[in-house]
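Below is one structure, written out as structure tokens; the observations come after it.
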Amino acid sequence: MPIYEYKCKKCENEFSKLVFSSTAEVKCPKCESEEVEKLISAVSSFSPGSDSSGGGCSSPSGFT
């Protein structure tokens with residue numbers, strides 16, 4: 001059940017919606033219009049507490 005971001009073509013409102021199926025009807029929560037477009041969102045690779053080395057994963061001690 002992914003969360004998608006949408007933009008209303010009528011009132012320009014941007015909102016997120018949990019979508020249960022690909023055929024689900026999506027309406028703008030502000031103006032109730034069904035004229036919405038799905039936005040492309042970037043996936044973040046940043047995780048809090050990680051160092052700046054970019055690795056993210058390290059080998060347990062004793063393994064090479």
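Numbering starts fresh at 1 for the residues of each chain in the structure tokens, the chains themselves are lettered A, B, ... in the order given, and ligands are numbered from 1 as they appear.
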Show which residues sit within 12 Å of region 20-26 of chain A, as number ranges by chain. Count only C-alpha atoms, and ignore same-chain residues fewer than 3 positions away. A: 1-8, 15-17, 29, 31-38
Could you save the residues just selected, with N, CA, C and O atoms, as an mmCIF file, in the first residue's frame?
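Wrote it out as again-v6.cif, contents follow:
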data_model
loop_
_atom_site.group_PDB
_atom_site.id
_atom_site.type_symbol
_atom_site.label_atom_id
_atom_site.label_comp_id
_atom_site.auth_asym_id
_atom_site.auth_seq_id
_atom_site.Cartn_x
_atom_site.Cartn_y
_atom_site.Cartn_z
ATOM 1 N N MET A 1 0.846 -1.183 0.000
ATOM 2 C CA MET A 1 0.000 0.000 0.000
ATOM 3 C C MET A 1 0.889 1.243 0.000
ATOM 4 O O MET A 1 1.235 1.760 1.043
ATOM 5 N N PRO A 2 1.269 1.690 -1.157
ATOM 6 C CA PRO A 2 2.160 2.856 -1.229
ATOM 7 C C PRO A 2 1.429 4.175 -1.000
ATOM 8 O O PRO A 2 0.228 4.289 -1.215
ATOM 9 N N ILE A 3 2.204 5.143 -0.578
ATOM 10 C CA ILE A 3 1.698 6.501 -0.428
ATOM 11 C C ILE A 3 2.194 7.286 -1.636
ATOM 12 O O ILE A 3 3.394 7.322 -1.907
ATOM 13 N N TYR A 4 1.268 7.866 -2.373
ATOM 14 C CA TYR A 4 1.605 8.649 -3.551
ATOM 15 C C TYR A 4 1.355 10.123 -3.290
ATOM 16 O O TYR A 4 0.521 10.489 -2.473
ATOM 17 N N GLU A 5 2.093 10.960 -4.009
ATOM 18 C CA GLU A 5 1.888 12.403 -3.942
ATOM 19 C C GLU A 5 1.148 12.835 -5.199
ATOM 20 O O GLU A 5 1.429 12.355 -6.284
ATOM 21 N N TYR A 6 0.190 13.742 -5.012
ATOM 22 C CA TYR A 6 -0.648 14.217 -6.114
ATOM 23 C C TYR A 6 -0.701 15.739 -6.110
ATOM 24 O O TYR A 6 -0.451 16.381 -5.097
ATOM 25 N N LYS A 7 -1.064 16.291 -7.269
ATOM 26 C CA LYS A 7 -1.302 17.725 -7.400
ATOM 27 C C LYS A 7 -2.631 17.894 -8.121
ATOM 28 O O LYS A 7 -2.866 17.296 -9.172
ATOM 29 N N CYS A 8 -3.499 18.717 -7.551
ATOM 30 C CA CYS A 8 -4.797 18.980 -8.144
ATOM 31 C C CYS A 8 -4.626 19.948 -9.310
ATOM 32 O O CYS A 8 -3.985 20.988 -9.184
ATOM 33 N N PHE A 15 -0.947 17.047 -2.281
ATOM 34 C CA PHE A 15 -1.301 16.223 -1.129
ATOM 35 C C PHE A 15 -0.791 14.805 -1.320
ATOM 36 O O PHE A 15 -0.439 14.393 -2.416
ATOM 37 N N SER A 16 -0.732 14.057 -0.226
ATOM 38 C CA SER A 16 -0.321 12.658 -0.240
ATOM 39 C C SER A 16 -1.523 11.798 0.063
ATOM 40 O O SER A 16 -2.413 12.202 0.811
ATOM 41 N N LYS A 17 -1.531 10.593 -0.521
ATOM 42 C CA LYS A 17 -2.666 9.700 -0.294
ATOM 43 C C LYS A 17 -2.181 8.260 -0.278
ATOM 44 O O LYS A 17 -1.394 7.849 -1.125
ATOM 45 N N PRO A 29 -8.448 16.686 -1.521
ATOM 46 C CA PRO A 29 -9.121 16.898 -0.240
ATOM 47 C C PRO A 29 -9.583 18.345 -0.030
ATOM 48 O O PRO A 29 -10.443 18.605 0.801
ATOM 49 N N CYS A 31 -10.686 20.654 -2.744
ATOM 50 C CA CYS A 31 -11.805 21.077 -3.602
ATOM 51 C C CYS A 31 -12.651 19.916 -4.121
ATOM 52 O O CYS A 31 -13.601 20.142 -4.855
ATOM 53 N N GLU A 32 -12.277 18.674 -3.767
ATOM 54 C CA GLU A 32 -13.008 17.468 -4.164
ATOM 55 C C GLU A 32 -12.922 17.149 -5.668
ATOM 56 O O GLU A 32 -13.647 16.299 -6.155
ATOM 57 N N SER A 33 -12.039 17.809 -6.393
ATOM 58 C CA SER A 33 -11.893 17.549 -7.821
ATOM 59 C C SER A 33 -11.206 16.202 -8.039
ATOM 60 O O SER A 33 -10.326 15.814 -7.273
ATOM 61 N N GLU A 34 -11.599 15.494 -9.081
ATOM 62 C CA GLU A 34 -10.952 14.241 -9.452
ATOM 63 C C GLU A 34 -9.855 14.472 -10.492
ATOM 64 O O GLU A 34 -9.208 13.525 -10.932
ATOM 65 N N GLU A 35 -9.645 15.731 -10.885
ATOM 66 C CA GLU A 35 -8.612 16.076 -11.863
ATOM 67 C C GLU A 35 -7.283 16.271 -11.145
ATOM 68 O O GLU A 35 -6.883 17.388 -10.833
ATOM 69 N N VAL A 36 -6.623 15.153 -10.853
ATOM 70 C CA VAL A 36 -5.345 15.189 -10.143
ATOM 71 C C VAL A 36 -4.295 14.468 -10.969
ATOM 72 O O VAL A 36 -4.612 13.596 -11.779
ATOM 73 N N GLU A 37 -3.043 14.848 -10.771
ATOM 74 C CA GLU A 37 -1.947 14.156 -11.438
ATOM 75 C C GLU A 37 -0.993 13.616 -10.385
ATOM 76 O O GLU A 37 -0.759 14.244 -9.356
ATOM 77 N N LYS A 38 -0.483 12.416 -10.635
ATOM 78 C CA LYS A 38 0.460 11.795 -9.718
ATOM 79 C C LYS A 38 1.824 12.446 -9.938
ATOM 80 O O LYS A 38 2.291 12.576 -11.062
#
